[in-house]
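To start, the structure itself, in structure tokens.
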Amino acid sequence: MKNTISERIADFLKDFPPFNELNEIDLGRFSTEVVISYKEKGERVFDLEEAPHPYFYVVHKGAILLHKDSDDSIIDLCDEGDIFGLRPLMANETYKMCATAHEDSILYAIPIAAFKPLTQTYEEVGNFLIESFASNTRNPYSKKHRGTLYGERANSVSGTEPVLFDLQPIRYSKKIVSCNPDASIKSIAATMTKKRVGSMLVMEEKLPVGIITDKDIRNKVATGIFPITATAKDIMTSPVITYPRNMTIAQAQMAMMKSNISHLCLTKDGTANSETVGILSKHDVMLELGNNPAVMIKAIKRARKFKKIKPIRFRIMQLLEGYLEQNIPLTLVSKIISELNDACTKQVMQIALRKMPKAPPVPFAWLAMGSQGRSEQLLHTDQDNALIFTDVPEEQFPETQEYFLQLSKCVTKGLRDISYEYCPAEMMASNPHWCLSLEKWKEQVSSWIGNPGPDEVLLSSIFFDYNIVYGDTALVDALTAHIFNATKKHPIFFLHLAGGALQNPSPTGFFRQFLVEEDGAHKDFFDIKRRALMPMTDAARVLILSHQIKSINNTAQRFEKLAALEPAQEAFFLSCSYAIKALLKFRTKQGLLHNDSGRFIALDKLTKEEKIKLKRTFKTIKELQELLRVRFKVSNLLG
Amino acid sequence: MEFFKKRKVNLPTFWETYEASFEVPLPKQLKEVRFVVLDTETTGFDYEKDRILALGCLALKNNTMVANESFERYLDQHFYHADNVEIHGILRTENRAYSSELEVLQQFLAFIQNAVLVAHHAGFDIKMINKALERYGLPKLKNKVLDTAVLYRRTLIRSPLLEKKEHYSLDELADKFDISKKDRHTALGDAYITAIAFIKIVAKLKAKKPITLKKLLSQRMRL
């Protein structure tokens with residue numbers, strides 16, 4: 001009997017080792033017995049010392065975090081196609097690590113009873129699994145540089161110990177960019193640019209005969225020693241220094257230092273007389289060595305698929321955690337993290353643009369709104385974005401908008417793939433209301449400013465923190481200029497904006513106790529976003545806009561600017577800036593702790609000191625709201 | 001009164017077995033409830049004239065499905081329109097095992113038992129099945145039914161900025177929840193998409209408030 005579900009499972013598995021070794025009939029047969037299991041974010045798949053399941057697992061969608069215990073020393077992050085939980089297949093013992101869904105995930109649980117016979121029929125499959133289980137790396141075929149220990153031996157070897165880390169086998173690129181000795185230098189340079197690599201191997205019948213790096217082109221061609229018409233064999237460095245493929249990180253580093261080279265050629269037996277299996281660059285080594293922003297930027301820029309950016313985002317979060325632990329100032333941290341997040345978004349744009357059948361018909365700009373627009377987005381949060389395109393004649397509008405909606409759909413999907421959730425209110429450029437021409441945006445903004453009702457104020461408060469992420473700055477500047485003209489004509493708008501800023505619920509009650517949520521899933525939690533962060537960002541926005549300044553979006557920086565603009569209030573605004581930073585840090589730490597947005601805080605988990613710190617900021621919030629009330633005479637409106 | 005008694009006596013044993021499964025009450029805990037997610041492919045949208053061409057079902061319990069515990073049948077319908085081939089791609093000439101309608105209904109009842117049925121725009125599928133049952137002199141399905149289209153609307157935030165639509169298609173749900181649209185428009189393929197959407201919807205509702213089967217079922221269903 002036909003079974004679409006098991007066919008679907010087989011179709012997925014056939015692309016991943018070790019299942020790619022199986023023939024269709026065997027794959028089809030055990031696929032019918034596979035169990036599809038959905039795990040919500042944060043749900044355990046198995047616990048430390050839990051009795052073995054009758055299954056091992058393949059990640060179909062999402063990501064599974066393997067970690068040692070509740071203290072969360074991370075062993076590995078498995079994503080699509082990765083296998084984990086192999087222990088029951090090898091030995092009838094309890095699990096030696098925990099597996100938790102890092103995001104909502106779909107797992108294929110492979111029944112061991114059905115699969116075990118195949119490990120005997122197919123030698124390759126058995127070997128792969130044994131190798132996966134016993135060696136340090138989870139996937140010996142893996143090309144990726146995600147580099148951490150496979151946890152099965154983690155009892156004796158901790159994945160985070162730097163000393164032992166050096167002794168791990170290194171992962172190298174298997175996609176070798178090569179040419180033959182007669183290739184022209186021009187074509188070599190073109191290929192290297194296209195593939196974004198710094199070196200090219202010169203091969204003759206699969207054997208490496210030489211290597212050309214950026215340096216060779218600079219030193220030997222650009223200087224005029226060789227003409228551009230010369231061939232590879234004229235400028236290549238030869239012979240190539242070769243190494244066997246099972247090197248450790250430490251060995252690779254030493255090899256590079258010893259010969260003062262930046263690329264190692266790896267061959268089957270380690271000599272130049274055997275087949276080339278891979279190439280190892282300094283970049284690969286750097287990537288293995290850890291989370292360094294510069295290396296990550298480079299890795300982001302090299303990504304050609306949305307999926308490739310996702311593991312980098314995971315590392316960005318680890319970096320953030322490290323920074324916060326080391327107590328590095330939040331201003332600096334948020335700058336670096338925002339920079340990295342921006343780079344991710346930009347790369348998503350690039351990839352999406354390449355996916356489109358044709359180039360954009362007119363210039364456009366992609367805007368980040370809300371917290372991302374303010375560069376306050378340190379954690380994974382929802383995406384809020386909008387798109388402006390250059391005005392086109394009326395008859396071309398539908399067609400042009402359609403193009404940009406298509407593009408936006410692709411971008412928002414890409415952003416979701418790298419774990420920015422869709423905005424629940426659909427404030428995204430893929431929504432026709434948020435993908436408009438400059439003229440239409442101007443009309444939209446004018447109507448918000450001209451008749452400010454509660455919805456209009458809410459919309460402008462989200463929209464006015466926009467920041468360009470990608471595209472034509474002139475479009476954004478034109479819109480900004482328009483906003484200031486409009487607010488000059490309708491000064492009452494600020495009154496409404498200030499009124500909106502004062503509507504946020506108060507963080508503390510009459511007796512200075514924390515006010516917590518009364519019902520819903522977050523009952524008895526403190527909503528730091530609504531009760532503490534929003535009053536401050538809203539206040540900062542109206543104050544800075546009333547000074548006709550748009551170039552600063554970050555709330556802390558807005559307060560600093562206000563301090564400079566109003567010397568009389570300098571001390572107060574600086575204390576606001578300090579308070580918002582403290583609150584953001586608080587939220588970020590909470591978010592990292594629980595792998596969520598950090599918005600809801602369990603008060604009973606806070607220390608006394610933390611509570612005092614938090615309460616101190618509330619005093620500032622109250623004073624700030626008082627200032628708004630007086631300055632914009634809000635009582636007139638509400639009373 | 002006599003009329004009813006007589007009918008009851010005449011019902012075939014497979015129906016009685018099906019009916020007997022309802023003597024066991026549904027579990028209170030959501031994770032112990034057996035759901036059957038289903039989808040039908042039909043010749044059209046007319047309850048009287050059109051017929052079911054394919055029926056796909058998938059059992060779901062505690063967010064887990066087993067590939068084996070599924071049900072996928074193509075029906076041999078003499079009655080046939082060519083109009084709908086574009087949607088479901090079921091051509092009569094295609095080399096497939098076909099079963100008679102009665103046979104499929106019989107297997108279907110044995111498969112679902114007293115499970116809670118889940119479908120996208122469930123009203124349509126359930127009515128199509130009920131119409132088919134009626135043709136063989138059988139009563140309507142006795143199962144509780146959940147509609148993912150209705151449940152999905154409940155997950156949307158109440159915001160002046162979001163215009164809710166009257167209807168959300170399965171395609172829209174698949175996009176929203178990032179479910180691959182592979183095998184779309186095959187009965188079991190659509191059932192799978194519906195099942196994943198259902199899991200995600202329940203998770204979303206759960207995040208708002210603790211949820212029970214009773215609460216899920218409290219939606220008003222028009223069948």
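Just so we're on the same page: first chain in the structure tokens is A, next is B, and so on; residues restart at 1 for each chain, and ligands are numbered from 1 in the order they show up.
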
Shell around segment 522-532 of chain A at 12 Å using only C-alpha atoms, local window under 6 positions removed, as JSON, numbers by chain: {"A": [371, 501, 502, 503, 504, 505, 506, 507, 508, 509, 513, 514, 515, 516, 538, 539, 576, 579, 580, 581, 582, 583, 584, 585, 586, 587, 588, 590, 591, 597, 598, 599, 600, 601, 602, 603, 604, 605, 606, 611, 614, 615, 616, 617, 618, 619, 620, 621, 622, 624, 625], "B": [206, 207, 208, 209, 210]}

Using only C-alpha atoms, tabulate the residues of chain B lying at most 7 Å from any atom of chain A, each with its closest atom pair and that distance in Å to one decimal, by chain and increasing residue number, as a Markdown table.
| residue | atom | partner | partner_atom | distance |
| --- | --- | --- | --- | --- |
| B:Asn63 | CA | A:Tyr38 | CA | 5.3 |
| B:Thr64 | CA | A:Ser37 | CA | 4.3 |
| B:Met65 | CA | A:Ile36 | CA | 4.9 |
| B:Val66 | CA | A:Val35 | CA | 4.3 |
| B:Ala67 | CA | A:Thr32 | CA | 5.1 |
| B:Asn68 | CA | A:Thr32 | CA | 5.2 |
| B:Glu72 | CA | A:Asn3 | CA | 6.6 |
| B:Ile157 | CA | A:Pro424 | CA | 6.7 |
| B:Ser159 | CA | A:Ala425 | CA | 6.9 |
| B:Pro160 | CA | A:Asp455 | CA | 6.8 |
| B:Leu161 | CA | A:Ala425 | CA | 6.2 |
| B:Leu162 | CA | A:Ala425 | CA | 5.2 |
| B:Leu188 | CA | A:Thr4 | CA | 6.2 |
| B:Gly189 | CA | A:Thr4 | CA | 6.4 |
| B:Ala207 | CA | A:Ala521 | CA | 5.7 |
| B:Lys208 | CA | A:Ala521 | CA | 5.0 |
| B:Lys209 | CA | A:Ala521 | CA | 5.1 |

Strand (DSSP E) positions in segment 102-318 of chain A, given as number ranges by chain: A: 105-111, 178-179, 199-204, 207-213, 242-244, 263-267, 276-281

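Comparing the minimum interatomic distances between Asp384 of chain A and each of A:Leu332, A:Leu48, A:Cys423, A:Ile612, counting only C-alpha atoms, we find that A:Cys423 sits nearest.
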
Shell around Tyr98 of chain B at 7 Å using only C-alpha atoms, local window under 3 positions removed, as a ChimeraX atom specification: /B:74-76

Test item: residues at most 12 Å from Glu19 of chain B, only C-alpha atoms, excluding those fewer than 6 positions along its chain, as an MDAnalysis selection string: chainID B and resid 8 11:13 109:110 112:115 138:143

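Separating atom CA of Ile112 of chain A from atom CA of Arg73 of chain B is a distance of 29.0 Å.
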
Per-residue DSSP, chain B, filtered to alpha helix (DSSP H), as a PyMOL selection string: chain B and resi 2-10+13-20+85-88+101-112+122-135+148-155+170-176+187-208+213-217

Residues within 10 Å of Thr191 of chain A, only C-alpha atoms, excluding chain neighbours under 6 positions, as a list of chain:residue names: A:Val177, A:Ser178, A:Cys179, A:Ile185, A:Val197, A:Met200

Spatial neighbours of Arg34 of chain B, 9 Å, only C-alpha atoms, chain gap at least 5 places, as a ChimeraX atom specification: /B:26-27,59-62,114-117

How about saving the chosen residues, all heavy atoms kept, as a PDB file, in the first residue's frame?
ATOM      1  N   LEU B  26     -13.277   9.829  26.360  1.00  0.00           N
ATOM      2  CA  LEU B  26     -12.013  10.430  25.915  1.00  0.00           C
ATOM      3  C   LEU B  26     -11.175  10.818  27.131  1.00  0.00           C
ATOM      4  O   LEU B  26     -11.716  11.251  28.138  1.00  0.00           O
ATOM      5  CB  LEU B  26     -12.304  11.676  25.087  1.00  0.00           C
ATOM      6  CG  LEU B  26     -12.889  11.440  23.689  1.00  0.00           C
ATOM      7  CD1 LEU B  26     -13.282  12.764  23.056  1.00  0.00           C
ATOM      8  CD2 LEU B  26     -11.907  10.704  22.795  1.00  0.00           C
ATOM      9  N   PRO B  27      -9.853  10.657  27.009  1.00  0.00           N
ATOM     10  CA  PRO B  27      -8.997  11.036  28.141  1.00  0.00           C
ATOM     11  C   PRO B  27      -9.077  12.543  28.403  1.00  0.00           C
ATOM     12  O   PRO B  27      -9.313  13.317  27.478  1.00  0.00           O
ATOM     13  CB  PRO B  27      -7.592  10.663  27.674  1.00  0.00           C
ATOM     14  CG  PRO B  27      -7.707  10.075  26.334  1.00  0.00           C
ATOM     15  CD  PRO B  27      -9.106  10.174  25.859  1.00  0.00           C
ATOM     16  N   ALA B  59      -2.648   9.223  12.420  1.00  0.00           N
ATOM     17  CA  ALA B  59      -2.940   9.238  13.852  1.00  0.00           C
ATOM     18  C   ALA B  59      -1.888  10.079  14.567  1.00  0.00           C
ATOM     19  O   ALA B  59      -0.708  10.037  14.230  1.00  0.00           O
ATOM     20  CB  ALA B  59      -2.926   7.826  14.404  1.00  0.00           C
ATOM     21  N   LEU B  60      -2.315  10.849  15.543  1.00  0.00           N
ATOM     22  CA  LEU B  60      -1.428  11.772  16.250  1.00  0.00           C
ATOM     23  C   LEU B  60      -1.733  11.689  17.735  1.00  0.00           C
ATOM     24  O   LEU B  60      -2.881  11.808  18.157  1.00  0.00           O
ATOM     25  CB  LEU B  60      -1.689  13.191  15.742  1.00  0.00           C
ATOM     26  CG  LEU B  60      -1.052  14.358  16.465  1.00  0.00           C
ATOM     27  CD1 LEU B  60       0.430  14.388  16.168  1.00  0.00           C
ATOM     28  CD2 LEU B  60      -1.675  15.662  16.021  1.00  0.00           C
ATOM     29  N   LYS B  61      -0.683  11.449  18.511  1.00  0.00           N
ATOM     30  CA  LYS B  61      -0.880  11.374  19.956  1.00  0.00           C
ATOM     31  C   LYS B  61       0.360  11.946  20.619  1.00  0.00           C
ATOM     32  O   LYS B  61       1.476  11.568  20.246  1.00  0.00           O
ATOM     33  CB  LYS B  61      -1.071   9.913  20.357  1.00  0.00           C
ATOM     34  CG  LYS B  61      -1.647   9.729  21.741  1.00  0.00           C
ATOM     35  CD  LYS B  61      -1.999   8.260  21.924  1.00  0.00           C
ATOM     36  CE  LYS B  61      -2.407   7.917  23.314  1.00  0.00           C
ATOM     37  NZ  LYS B  61      -2.734   6.500  23.420  1.00  0.00           N
ATOM     38  N   ASN B  62       0.158  12.833  21.552  1.00  0.00           N
ATOM     39  CA  ASN B  62       1.272  13.445  22.264  1.00  0.00           C
ATOM     40  C   ASN B  62       2.339  13.970  21.299  1.00  0.00           C
ATOM     41  O   ASN B  62       3.526  13.665  21.432  1.00  0.00           O
ATOM     42  CB  ASN B  62       1.886  12.427  23.234  1.00  0.00           C
ATOM     43  CG  ASN B  62       2.851  13.078  24.198  1.00  0.00           C
ATOM     44  OD1 ASN B  62       2.866  14.315  24.329  1.00  0.00           O
ATOM     45  ND2 ASN B  62       3.681  12.282  24.824  1.00  0.00           N
ATOM     46  N   ASN B 114     -12.725   6.039  18.131  1.00  0.00           N
ATOM     47  CA  ASN B 114     -13.331   7.198  18.804  1.00  0.00           C
ATOM     48  C   ASN B 114     -12.397   8.405  18.841  1.00  0.00           C
ATOM     49  O   ASN B 114     -12.573   9.310  19.635  1.00  0.00           O
ATOM     50  CB  ASN B 114     -13.769   6.830  20.219  1.00  0.00           C
ATOM     51  CG  ASN B 114     -12.568   6.603  21.123  1.00  0.00           C
ATOM     52  OD1 ASN B 114     -11.473   6.346  20.626  1.00  0.00           O
ATOM     53  ND2 ASN B 114     -12.772   6.689  22.419  1.00  0.00           N
ATOM     54  N   ALA B 115     -11.366   8.408  17.965  1.00  0.00           N
ATOM     55  CA  ALA B 115     -10.394   9.504  17.975  1.00  0.00           C
ATOM     56  C   ALA B 115     -11.083  10.839  17.704  1.00  0.00           C
ATOM     57  O   ALA B 115     -12.158  10.885  17.099  1.00  0.00           O
ATOM     58  CB  ALA B 115      -9.339   9.262  16.905  1.00  0.00           C
ATOM     59  N   VAL B 116     -10.428  11.917  18.153  1.00  0.00           N
ATOM     60  CA  VAL B 116     -10.913  13.253  17.824  1.00  0.00           C
ATOM     61  C   VAL B 116     -10.408  13.573  16.418  1.00  0.00           C
ATOM     62  O   VAL B 116      -9.207  13.494  16.157  1.00  0.00           O
ATOM     63  CB  VAL B 116     -10.389  14.293  18.834  1.00  0.00           C
ATOM     64  CG1 VAL B 116     -10.808  15.693  18.418  1.00  0.00           C
ATOM     65  CG2 VAL B 116     -10.887  13.976  20.226  1.00  0.00           C
ATOM     66  N   LEU B 117     -11.300  13.901  15.513  1.00  0.00           N
ATOM     67  CA  LEU B 117     -10.901  14.159  14.134  1.00  0.00           C
ATOM     68  C   LEU B 117     -10.446  15.605  13.982  1.00  0.00           C
ATOM     69  O   LEU B 117     -11.004  16.515  14.588  1.00  0.00           O
ATOM     70  CB  LEU B 117     -12.061  13.885  13.180  1.00  0.00           C
ATOM     71  CG  LEU B 117     -12.648  12.466  13.224  1.00  0.00           C
ATOM     72  CD1 LEU B 117     -13.755  12.327  12.198  1.00  0.00           C
ATOM     73  CD2 LEU B 117     -11.558  11.427  12.962  1.00  0.00           C
TER      74      LEU B 117
END

Spatial neighbours of Ala498 of chain A, 10 Å, only C-alpha atoms, chain gap at least 3 places, as a list of chain:residue names: A:Val457, A:Ile492, A:Phe493, A:Phe494, A:Leu495, A:Ala501, A:Leu502, A:Gln503, A:Asp538, A:Ala539, A:Ala540, A:Arg541, A:Val542, A:Leu543, A:Gln625, A:Leu628, A:Arg629, A:Arg631, A:Phe632, A:Lys633, A:Val634

For atom CA of Asp26 of chain A and atom CA of Ala91 of chain A, the interatomic separation in Å (one decimal):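 We find that atom CA of Asp26 of chain A and atom CA of Ala91 of chain A lie 23.8 Å from each other.
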